[in-house]
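Q: protein09.csv (CSV, C-alpha atoms) pasted underneath:
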```csv
chain,number,residue,atom,x,y,z
A,1,MET,CA,-14.9,-42.2,12.8
A,2,ALA,CA,-16.9,-42.6,9.6
A,3,LYS,CA,-15.6,-40.9,6.5
A,4,ASP,CA,-18.7,-38.7,6.2
A,5,ASP,CA,-18.4,-37.6,9.9
A,6,VAL,CA,-16.3,-34.5,9.2
A,7,ARG,CA,-15.7,-32.2,12.1
A,8,PHE,CA,-13.9,-28.9,12.0
A,9,ASN,CA,-11.8,-27.5,14.7
A,10,ASN,CA,-12.8,-23.9,15.1
A,11,ASN,CA,-9.3,-22.6,15.6
A,12,SER,CA,-7.8,-24.5,12.7
A,13,PHE,CA,-10.7,-23.5,10.4
A,14,HIS,CA,-10.3,-19.8,11.1
A,15,SER,CA,-6.5,-19.9,10.9
A,16,GLY,CA,-6.9,-20.8,7.3
A,17,LEU,CA,-9.0,-17.6,6.8
A,18,ARG,CA,-6.9,-15.0,8.6
A,19,PRO,CA,-3.2,-14.9,9.6
A,20,ILE,CA,-3.1,-16.1,13.2
A,21,THR,CA,-0.3,-13.6,13.9
A,22,GLU,CA,-2.7,-10.7,14.1
A,23,GLU,CA,-5.1,-11.4,17.0
A,24,THR,CA,-8.2,-9.2,17.1
A,25,HIS,CA,-10.9,-8.4,19.6
A,26,PHE,CA,-13.3,-7.0,17.1
A,27,SER,CA,-16.9,-8.3,17.1
A,28,ASN,CA,-18.2,-10.1,14.1
A,29,ALA,CA,-20.0,-7.0,13.0
A,30,ILE,CA,-16.8,-4.9,13.1
A,31,ARG,CA,-14.9,-7.7,11.3
A,32,PHE,CA,-17.5,-7.8,8.6
A,33,ILE,CA,-17.2,-4.0,8.1
A,34,ALA,CA,-13.4,-4.2,8.0
A,35,ILE,CA,-13.6,-6.9,5.3
A,36,LEU,CA,-16.2,-4.9,3.4
A,37,LEU,CA,-14.0,-1.8,3.5
A,38,ASN,CA,-11.0,-3.8,2.3
A,39,ILE,CA,-13.0,-5.2,-0.6
A,40,SER,CA,-14.1,-1.6,-1.4
A,41,PHE,CA,-10.5,-0.6,-1.3
A,42,HIS,CA,-9.6,-3.2,-4.0
A,43,ILE,CA,-12.5,-2.1,-6.1
A,44,ASN,CA,-11.6,1.6,-6.0
A,45,VAL,CA,-7.9,0.8,-6.8
A,46,LEU,CA,-9.1,-1.1,-9.8
A,47,ILE,CA,-11.5,1.6,-11.0
A,48,ILE,CA,-8.9,4.4,-10.7
A,49,THR,CA,-6.2,2.4,-12.4
A,50,VAL,CA,-8.3,1.1,-15.3
A,51,SER,CA,-10.1,4.4,-15.9
A,52,LEU,CA,-7.0,6.6,-15.8
A,53,CYS,CA,-4.7,4.3,-17.7
A,54,SER,CA,-7.2,3.5,-20.4
A,55,THR,CA,-7.7,7.3,-21.0
A,56,PHE,CA,-3.9,7.8,-21.1
A,57,TRP,CA,-3.6,5.0,-23.7
A,58,ARG,CA,-6.5,6.5,-25.7
A,59,ILE,CA,-5.0,10.0,-25.9
A,60,GLY,CA,-1.5,8.7,-26.6
A,61,LEU,CA,1.3,8.0,-24.1
A,62,GLY,CA,3.2,11.3,-24.5
A,63,LYS,CA,5.5,12.7,-21.9
A,64,THR,CA,2.8,13.8,-19.4
A,65,ALA,CA,0.4,10.9,-20.1
A,66,MET,CA,3.2,8.4,-19.6
A,67,HIS,CA,4.4,10.0,-16.4
A,68,ALA,CA,0.8,10.0,-15.0
A,69,CYS,CA,0.2,6.4,-16.2
A,70,PHE,CA,3.4,5.1,-14.6
A,71,CYS,CA,2.8,6.9,-11.3
A,72,THR,CA,-0.8,5.6,-11.2
A,73,LEU,CA,0.4,2.1,-11.8
A,74,GLY,CA,3.2,2.5,-9.3
A,75,TYR,CA,1.4,4.1,-6.4
A,76,ILE,CA,-2.3,3.5,-6.8
A,77,LEU,CA,-2.0,-0.1,-7.9
A,78,LEU,CA,1.2,-1.7,-6.9
A,79,VAL,CA,2.3,0.2,-3.8
A,80,ALA,CA,-1.2,0.5,-2.4
A,81,GLU,CA,-1.9,-3.2,-2.9
A,82,GLY,CA,1.5,-4.2,-1.8
A,83,ILE,CA,1.4,-2.5,1.6
A,84,ASN,CA,-2.0,-4.0,2.4
A,85,LEU,CA,-1.1,-7.5,1.3
A,86,ARG,CA,-0.6,-8.9,4.9
A,87,TYR,CA,-3.7,-7.2,6.3
A,88,SER,CA,-5.8,-9.6,8.4
A,89,TYR,CA,-9.0,-8.5,6.7
A,90,ASN,CA,-7.6,-8.7,3.1
A,91,PRO,CA,-9.6,-11.7,1.7
A,92,LEU,CA,-7.4,-11.9,-1.4
A,93,PHE,CA,-4.4,-13.2,0.5
A,94,TRP,CA,-5.9,-15.2,3.4
A,95,ASP,CA,-4.6,-18.5,2.1
A,96,PHE,CA,-1.1,-17.4,1.5
A,97,ASP,CA,1.6,-18.3,3.9
A,98,LEU,CA,3.9,-15.7,5.5
A,99,LEU,CA,6.9,-16.2,3.2
A,100,THR,CA,4.7,-16.0,0.1
A,101,ASN,CA,3.1,-12.8,1.4
A,102,VAL,CA,6.5,-11.3,2.1
A,103,LEU,CA,7.8,-12.2,-1.4
A,104,ILE,CA,4.7,-10.8,-3.2
A,105,HIS,CA,4.8,-7.7,-1.0
A,106,THR,CA,8.5,-7.2,-1.9
A,107,ILE,CA,7.9,-7.7,-5.7
A,108,MET,CA,4.8,-5.4,-5.8
A,109,VAL,CA,6.3,-2.5,-3.8
A,110,THR,CA,9.7,-2.6,-5.4
A,111,SER,CA,8.3,-2.8,-8.9
A,112,GLY,CA,5.7,-0.1,-8.1
A,113,GLY,CA,8.5,2.2,-6.9
A,114,LEU,CA,10.7,1.5,-9.9
A,115,ILE,CA,7.8,2.1,-12.3
A,116,ALA,CA,7.0,5.4,-10.6
A,117,VAL,CA,10.7,6.4,-10.8
A,118,ALA,CA,10.8,5.5,-14.5
A,119,GLY,CA,7.8,7.7,-15.2
A,120,THR,CA,9.2,10.6,-13.3
A,121,VAL,CA,12.6,10.3,-15.0
A,122,LYS,CA,10.8,10.4,-18.3
A,123,MET,CA,9.1,13.7,-17.2
A,124,TYR,CA,12.4,15.1,-15.9
A,125,TYR,CA,14.1,14.8,-19.3
A,126,SER,CA,11.1,16.1,-21.1
A,127,ALA,CA,10.1,19.0,-18.9
A,128,THR,CA,12.6,20.0,-16.1
A,129,ILE,CA,10.2,22.8,-15.0
A,130,HIS,CA,7.9,20.0,-13.7
A,131,PHE,CA,10.0,19.7,-10.6
A,132,SER,CA,9.7,23.4,-9.7
A,133,SER,CA,6.0,22.9,-9.0
A,134,PHE,CA,4.7,21.7,-5.6
A,135,HIS,CA,3.3,18.6,-7.2
A,136,GLY,CA,6.6,17.7,-8.7
A,137,GLN,CA,8.5,18.3,-5.5
A,138,ILE,CA,6.2,16.2,-3.4
A,139,GLY,CA,6.4,13.4,-6.0
A,140,ALA,CA,10.2,13.6,-6.1
A,141,ALA,CA,10.4,13.4,-2.3
A,142,SER,CA,8.1,10.3,-2.3
A,143,LEU,CA,10.3,8.6,-4.9
A,144,MET,CA,13.5,9.3,-2.9
A,145,ILE,CA,11.9,7.9,0.2
A,146,ILE,CA,10.6,4.8,-1.5
A,147,LEU,CA,14.0,4.0,-2.9
A,148,LEU,CA,15.4,4.3,0.6
A,149,ASN,CA,12.6,2.1,2.0
A,150,ILE,CA,13.3,-0.6,-0.6
A,151,VAL,CA,16.8,-0.7,0.7
A,152,SER,CA,15.6,-0.9,4.3
A,153,GLY,CA,13.2,-3.6,3.5
A,154,ALA,CA,15.9,-5.7,1.7
A,155,CYS,CA,18.1,-5.3,4.8
A,156,TYR,CA,15.3,-6.4,7.1
A,157,THR,CA,14.2,-9.5,5.1
A,158,SER,CA,17.8,-10.6,4.4
A,159,SER,CA,18.9,-10.3,8.1
A,160,ARG,CA,19.3,-13.5,10.0
A,161,VAL,CA,18.1,-12.0,13.2
A,162,VAL,CA,15.0,-9.9,13.9
A,163,LEU,CA,15.9,-6.2,13.9
A,164,ASP,CA,12.9,-4.5,15.5
A,165,ASP,CA,14.3,-1.0,15.0
A,166,LEU,CA,14.9,-1.6,11.3
A,167,ARG,CA,11.3,-2.9,11.0
A,168,LEU,CA,10.1,0.2,12.7
A,169,LEU,CA,12.0,2.4,10.3
A,170,HIS,CA,10.7,0.3,7.3
A,171,ASP,CA,7.1,0.6,8.4
A,172,PHE,CA,7.4,4.3,9.1
A,173,LEU,CA,9.0,5.1,5.8
A,174,GLY,CA,6.3,3.0,4.1
A,175,ILE,CA,3.6,5.2,5.5
A,176,VAL,CA,5.4,8.4,4.6
A,177,THR,CA,6.1,7.1,1.0
A,178,PHE,CA,2.4,6.1,0.5
A,179,ALA,CA,1.1,9.4,1.9
A,180,LEU,CA,3.4,11.5,-0.2
A,181,GLY,CA,2.7,9.5,-3.3
A,182,ILE,CA,-1.1,9.7,-2.9
A,183,TYR,CA,-0.8,13.4,-2.1
A,184,SER,CA,1.2,14.0,-5.2
A,185,GLN,CA,-1.4,12.1,-7.2
A,186,MET,CA,-4.1,14.3,-5.7
A,187,THR,CA,-2.3,17.5,-6.6
A,188,GLY,CA,-1.7,16.1,-10.1
A,189,TYR,CA,-5.5,16.1,-10.6
A,190,ALA,CA,-5.4,19.9,-10.5
A,191,SER,CA,-3.0,20.1,-13.4
A,192,GLY,CA,-4.0,21.5,-16.7
A,193,PHE,CA,-3.3,18.1,-18.3
A,194,PHE,CA,-6.1,16.5,-16.1
A,195,ARG,CA,-8.5,19.4,-16.6
A,196,ARG,CA,-8.2,19.1,-20.4
A,197,ASN,CA,-8.6,15.3,-20.6
A,198,PHE,CA,-10.9,14.4,-17.6
A,199,ASP,CA,-14.4,15.5,-16.7
A,200,ARG,CA,-14.9,13.8,-13.3
A,201,ILE,CA,-11.9,15.1,-11.4
A,202,ARG,CA,-13.8,15.4,-8.2
A,203,LEU,CA,-14.8,11.8,-8.4
A,204,TYR,CA,-11.2,10.7,-8.9
A,205,ARG,CA,-10.2,12.8,-5.9
A,206,ALA,CA,-12.9,11.1,-3.8
A,207,LEU,CA,-11.9,7.6,-4.9
A,208,THR,CA,-8.2,8.3,-4.3
A,209,LEU,CA,-8.9,9.7,-0.9
A,210,PHE,CA,-10.9,6.6,0.0
A,211,VAL,CA,-8.0,4.4,-1.2
A,212,PHE,CA,-5.6,6.5,0.9
A,213,ILE,CA,-7.7,6.3,4.1
A,214,THR,CA,-8.6,2.6,3.9
A,215,GLY,CA,-5.1,1.8,2.6
A,216,LEU,CA,-3.5,3.1,5.9
A,217,PHE,CA,-5.4,0.7,8.2
A,218,HIS,CA,-2.9,-2.1,8.0
A,219,PRO,CA,0.3,0.1,7.8
A,220,PHE,CA,-0.7,2.0,10.9
A,221,SER,CA,-1.5,-1.2,12.8
A,222,ALA,CA,1.9,-2.7,11.7
A,223,LEU,CA,3.6,0.5,12.8
A,224,LEU,CA,2.1,0.4,16.2
A,225,ASP,CA,3.1,-3.2,16.6
A,226,ALA,CA,6.7,-2.3,15.5
A,227,VAL,CA,6.8,0.5,18.0
A,228,GLU,CA,5.7,-1.8,20.8
A,229,LYS,CA,8.3,-4.5,19.8
A,230,SER,CA,11.0,-1.9,19.5
A,231,ILE,CA,10.3,-0.5,23.0
A,232,LEU,CA,10.3,-4.0,24.4
A,233,SER,CA,13.6,-4.8,22.8
A,234,TRP,CA,15.1,-1.7,24.4
A,235,SER,CA,13.6,-2.3,27.8
A,236,PRO,CA,16.2,-4.7,29.2
A,237,THR,CA,19.0,-2.3,28.1
A,238,LEU,CA,17.3,0.7,29.7
A,239,LEU,CA,16.7,-1.2,32.9
A,240,ASN,CA,20.3,-2.4,33.2
A,241,GLN,CA,21.6,1.2,33.0
```
As structure tokens, how would this structure be written, given the file I've shared?

A:
Amino acid sequence: MAKDDVRFNNNSFHSGLRPITEETHFSNAIRFIAILLNISFHINVLIITVSLCSTFWRIGLGKTAMHACFCTLGYILLVAEGINLRYSYNPLFWDFDLLTNVLIHTIMVTSGGLIAVAGTVKMYYSATIHFSSFHGQIGAASLMIILLNIVSGACYTSSRVVLDDLRLLHDFLGIVTFALGIYSQMTGYASGFFRRNFDRIRLYRALTLFVFITGLFHPFSALLDAVEKSILSWSPTLLNQ
């Protein structure tokens, strides 16, 4: 075959674009919409993070500003991006292999959780009353769950055998953590601190809600897959009883 006669195998070409472990029956139009929504997800994450954190830096990183900045970096940026890293329609990580994706996911979610914890601890020592509010209680609950989920993820990735039930627990706790973290962020927008320093609170709420909805596409897909595999792993045991 001549050097210029380059032919692409359709399967090998597309396997470089999307992880072949997630088969899809979507039409090309639906696939395009899914990719477009994921790109919009990344853009909104960037807008929220840069806009909020630059304002926090401008007004001075006091106790409340530092708490809000750390939680924004932890949940809106690192956790949101980390849990969507292995999404089939995430064009930012198409060319990464599975082990690299898992490593980056672990680093992003773990560092995001620890940054949010650091910001919350700072708030705790500065204003204990913060945790008597609904916003503070939801945020504290999300932090406890994310620490538990970091442990479950470490156990799952370090295990020499595939533990379907542990993966199911990890995926479920990941969704709960993300939901509580985003909800805590949304309730924080109603605080006096945000009302004094921000004019477009409704816009931030809309952008954060969009990040929450589009950010759950992959976690829910992964959870359903984990449920199916967990049921299948238990099927022989149930049939033999």

Q: Sorted by chain and rising residue number, which residues of stretch 64-128 of chain A lie within 8 Å of stretch 178-198 of chain A, and what are their closest atom pairs and distances in Å to one decimal, counting all atoms listed in the file, as CSV?

A:
```
residue,atom,partner,partner_atom,distance
A:Thr64,CA,A:Phe193,CA,7.5
A:Cys71,CA,A:Gln185,CA,7.8
A:Thr72,CA,A:Gln185,CA,7.7
A:Tyr75,CA,A:Gly181,CA,6.4
A:Ile76,CA,A:Ile182,CA,7.4
A:Val79,CA,A:Phe178,CA,7.3
A:Ala80,CA,A:Phe178,CA,7.3
```

Q: Tell me, in Å to one decimal, how far atom CA of A:Val50 is from atom CA of A:Arg202.

A: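 We find that atom CA of A:Val50 and atom CA of A:Arg202 lie 16.9 Å from each other.
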
Q: Env of A:Thr214: 9 Å cut, atoms = only C-alpha atoms, seq-sep filter 5 positions within chain, self excluded. Answer as a PDB file with C-alpha atoms, in the frame of the given file.

A:
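Heads up, here's the output in result.pdb:
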```pdb
ATOM      1  CA  LEU A  37     -14.000  -1.800   3.500  1.00  0.00           C
ATOM      2  CA  ASN A  38     -11.000  -3.800   2.300  1.00  0.00           C
ATOM      3  CA  SER A  40     -14.100  -1.600  -1.400  1.00  0.00           C
ATOM      4  CA  PHE A  41     -10.500  -0.600  -1.300  1.00  0.00           C
ATOM      5  CA  LEU A 209      -8.900   9.700  -0.900  1.00  0.00           C
TER       6      LEU A 209
END
```

Q: So how many Å separate atom CA of A:Leu223 and atom CA of A:Arg86, to one decimal?

A: 13.0 Å

Q: With only C-alpha atoms counted and 10 Å as the cut-off, give the residues of stretch 92-209 of chain A in contact with stretch 43-47 of chain A, each with its shortest interatomic distance in Å and the pair that gives it, as CSV.

A:
```
residue,atom,partner,partner_atom,distance
A:Tyr204,CA,A:Ile47,CA,9.3
A:Ala206,CA,A:Asn44,CA,9.8
A:Leu207,CA,A:Asn44,CA,6.1
A:Thr208,CA,A:Asn44,CA,7.7
A:Leu209,CA,A:Asn44,CA,9.9
```

Q: What is the distance, in Å and to one decimal place, between atom CA of A:Met123 and atom CA of A:Ile145?

A: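 Here the two named atoms are 18.6 Å from each other.
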
Q: Determine the nearest neighbour of A:Phe212 from the options A:Thr177, A:Asp171, A:Ile231, A:Arg31, counting only C-alpha atoms.

A: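 The answer is A:Thr177, which sits nearest to A:Phe212.
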
Q: Taking into account only C-alpha atoms, which residue in the set A:Lys63, A:Thr106, A:Ile201, A:Gly113 is nearest to A:Cys155?

A: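 Looking only at the distances to A:Cys155, the closest residue turns out to be A:Thr106.
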
Q: Between A:Pro219, A:Gly74, A:Gly136, A:Gly119, which one has atoms that come closest to A:Phe172, using all atoms listed in the file?

A: A:Pro219

Q: Reconstruct stretch 178-200 of chain A at the level of N, CA, C and O atoms, and format the result as a PDB file, in the coordinates of the input.

A:
```pdb
ATOM      1  N   PHE A 178       3.799   6.238   1.012  1.00  0.00           N
ATOM      2  CA  PHE A 178       2.400   6.100   0.500  1.00  0.00           C
ATOM      3  C   PHE A 178       1.678   7.426   0.615  1.00  0.00           C
ATOM      4  O   PHE A 178       0.982   7.834  -0.325  1.00  0.00           O
ATOM      5  N   ALA A 179       1.820   8.123   1.737  1.00  0.00           N
ATOM      6  CA  ALA A 179       1.100   9.400   1.900  1.00  0.00           C
ATOM      7  C   ALA A 179       1.586  10.441   0.925  1.00  0.00           C
ATOM      8  O   ALA A 179       0.765  11.131   0.304  1.00  0.00           O
ATOM      9  N   LEU A 180       2.892  10.555   0.727  1.00  0.00           N
ATOM     10  CA  LEU A 180       3.400  11.500  -0.200  1.00  0.00           C
ATOM     11  C   LEU A 180       3.027  11.170  -1.663  1.00  0.00           C
ATOM     12  O   LEU A 180       2.699  12.052  -2.471  1.00  0.00           O
ATOM     13  N   GLY A 181       3.083   9.884  -1.987  1.00  0.00           N
ATOM     14  CA  GLY A 181       2.700   9.500  -3.300  1.00  0.00           C
ATOM     15  C   GLY A 181       1.266   9.742  -3.660  1.00  0.00           C
ATOM     16  O   GLY A 181       0.946  10.241  -4.743  1.00  0.00           O
ATOM     17  N   ILE A 182       0.372   9.432  -2.717  1.00  0.00           N
ATOM     18  CA  ILE A 182      -1.100   9.700  -2.900  1.00  0.00           C
ATOM     19  C   ILE A 182      -1.320  11.193  -2.971  1.00  0.00           C
ATOM     20  O   ILE A 182      -2.117  11.678  -3.792  1.00  0.00           O
ATOM     21  N   TYR A 183      -0.642  11.951  -2.106  1.00  0.00           N
ATOM     22  CA  TYR A 183      -0.800  13.400  -2.100  1.00  0.00           C
ATOM     23  C   TYR A 183      -0.360  14.011  -3.417  1.00  0.00           C
ATOM     24  O   TYR A 183      -0.994  14.927  -3.969  1.00  0.00           O
ATOM     25  N   SER A 184       0.743  13.505  -3.951  1.00  0.00           N
ATOM     26  CA  SER A 184       1.200  14.000  -5.200  1.00  0.00           C
ATOM     27  C   SER A 184       0.229  13.638  -6.350  1.00  0.00           C
ATOM     28  O   SER A 184      -0.003  14.445  -7.261  1.00  0.00           O
ATOM     29  N   GLN A 185      -0.370  12.451  -6.252  1.00  0.00           N
ATOM     30  CA  GLN A 185      -1.400  12.100  -7.200  1.00  0.00           C
ATOM     31  C   GLN A 185      -2.586  13.031  -7.141  1.00  0.00           C
ATOM     32  O   GLN A 185      -3.127  13.463  -8.167  1.00  0.00           O
ATOM     33  N   MET A 186      -2.995  13.379  -5.922  1.00  0.00           N
ATOM     34  CA  MET A 186      -4.100  14.300  -5.700  1.00  0.00           C
ATOM     35  C   MET A 186      -3.842  15.668  -6.289  1.00  0.00           C
ATOM     36  O   MET A 186      -4.701  16.287  -6.918  1.00  0.00           O
ATOM     37  N   THR A 187      -2.635  16.178  -6.062  1.00  0.00           N
ATOM     38  CA  THR A 187      -2.300  17.500  -6.600  1.00  0.00           C
ATOM     39  C   THR A 187      -2.167  17.444  -8.121  1.00  0.00           C
ATOM     40  O   THR A 187      -2.409  18.441  -8.806  1.00  0.00           O
ATOM     41  N   GLY A 188      -1.814  16.279  -8.663  1.00  0.00           N
ATOM     42  CA  GLY A 188      -1.700  16.100 -10.100  1.00  0.00           C
ATOM     43  C   GLY A 188      -3.097  16.269 -10.778  1.00  0.00           C
ATOM     44  O   GLY A 188      -3.187  16.702 -11.942  1.00  0.00           O
ATOM     45  N   TYR A 189      -4.173  15.916 -10.049  1.00  0.00           N
ATOM     46  CA  TYR A 189      -5.500  16.100 -10.600  1.00  0.00           C
ATOM     47  C   TYR A 189      -5.863  17.510 -10.904  1.00  0.00           C
ATOM     48  O   TYR A 189      -6.764  17.780 -11.702  1.00  0.00           O
ATOM     49  N   ALA A 190      -5.172  18.443 -10.246  1.00  0.00           N
ATOM     50  CA  ALA A 190      -5.400  19.900 -10.500  1.00  0.00           C
ATOM     51  C   ALA A 190      -4.656  20.455 -11.623  1.00  0.00           C
ATOM     52  O   ALA A 190      -4.806  21.640 -11.935  1.00  0.00           O
ATOM     53  N   SER A 191      -3.837  19.648 -12.263  1.00  0.00           N
ATOM     54  CA  SER A 191      -3.000  20.100 -13.400  1.00  0.00           C
ATOM     55  C   SER A 191      -3.836  20.404 -14.607  1.00  0.00           C
ATOM     56  O   SER A 191      -4.949  19.888 -14.763  1.00  0.00           O
ATOM     57  N   GLY A 192      -3.271  21.210 -15.500  1.00  0.00           N
ATOM     58  CA  GLY A 192      -4.000  21.500 -16.700  1.00  0.00           C
ATOM     59  C   GLY A 192      -4.158  20.252 -17.593  1.00  0.00           C
ATOM     60  O   GLY A 192      -5.165  20.126 -18.307  1.00  0.00           O
ATOM     61  N   PHE A 193      -3.222  19.313 -17.515  1.00  0.00           N
ATOM     62  CA  PHE A 193      -3.300  18.100 -18.300  1.00  0.00           C
ATOM     63  C   PHE A 193      -4.601  17.308 -17.891  1.00  0.00           C
ATOM     64  O   PHE A 193      -5.347  16.830 -18.750  1.00  0.00           O
ATOM     65  N   PHE A 194      -4.862  17.178 -16.593  1.00  0.00           N
ATOM     66  CA  PHE A 194      -6.100  16.500 -16.100  1.00  0.00           C
ATOM     67  C   PHE A 194      -7.323  17.247 -16.461  1.00  0.00           C
ATOM     68  O   PHE A 194      -8.338  16.661 -16.857  1.00  0.00           O
ATOM     69  N   ARG A 195      -7.291  18.548 -16.298  1.00  0.00           N
ATOM     70  CA  ARG A 195      -8.500  19.400 -16.600  1.00  0.00           C
ATOM     71  C   ARG A 195      -8.859  19.296 -18.057  1.00  0.00           C
ATOM     72  O   ARG A 195     -10.038  19.371 -18.402  1.00  0.00           O
ATOM     73  N   ARG A 196      -7.875  19.147 -18.928  1.00  0.00           N
ATOM     74  CA  ARG A 196      -8.200  19.100 -20.400  1.00  0.00           C
ATOM     75  C   ARG A 196      -8.697  17.707 -20.780  1.00  0.00           C
ATOM     76  O   ARG A 196      -9.457  17.609 -21.749  1.00  0.00           O
ATOM     77  N   ASN A 197      -8.302  16.662 -20.088  1.00  0.00           N
ATOM     78  CA  ASN A 197      -8.600  15.300 -20.600  1.00  0.00           C
ATOM     79  C   ASN A 197      -9.603  14.538 -19.697  1.00  0.00           C
ATOM     80  O   ASN A 197     -10.040  13.452 -20.106  1.00  0.00           O
ATOM     81  N   PHE A 198      -9.973  15.069 -18.536  1.00  0.00           N
ATOM     82  CA  PHE A 198     -10.900  14.400 -17.600  1.00  0.00           C
ATOM     83  C   PHE A 198     -12.007  15.284 -17.186  1.00  0.00           C
ATOM     84  O   PHE A 198     -11.773  16.471 -16.915  1.00  0.00           O
ATOM     85  N   ASP A 199     -13.204  14.732 -17.095  1.00  0.00           N
ATOM     86  CA  ASP A 199     -14.400  15.500 -16.700  1.00  0.00           C
ATOM     87  C   ASP A 199     -14.725  15.315 -15.210  1.00  0.00           C
ATOM     88  O   ASP A 199     -15.251  16.213 -14.569  1.00  0.00           O
ATOM     89  N   ARG A 200     -14.449  14.128 -14.684  1.00  0.00           N
ATOM     90  CA  ARG A 200     -14.900  13.800 -13.300  1.00  0.00           C
ATOM     91  C   ARG A 200     -13.703  13.823 -12.349  1.00  0.00           C
ATOM     92  O   ARG A 200     -13.415  12.844 -11.670  1.00  0.00           O
TER      93      ARG A 200
END
```
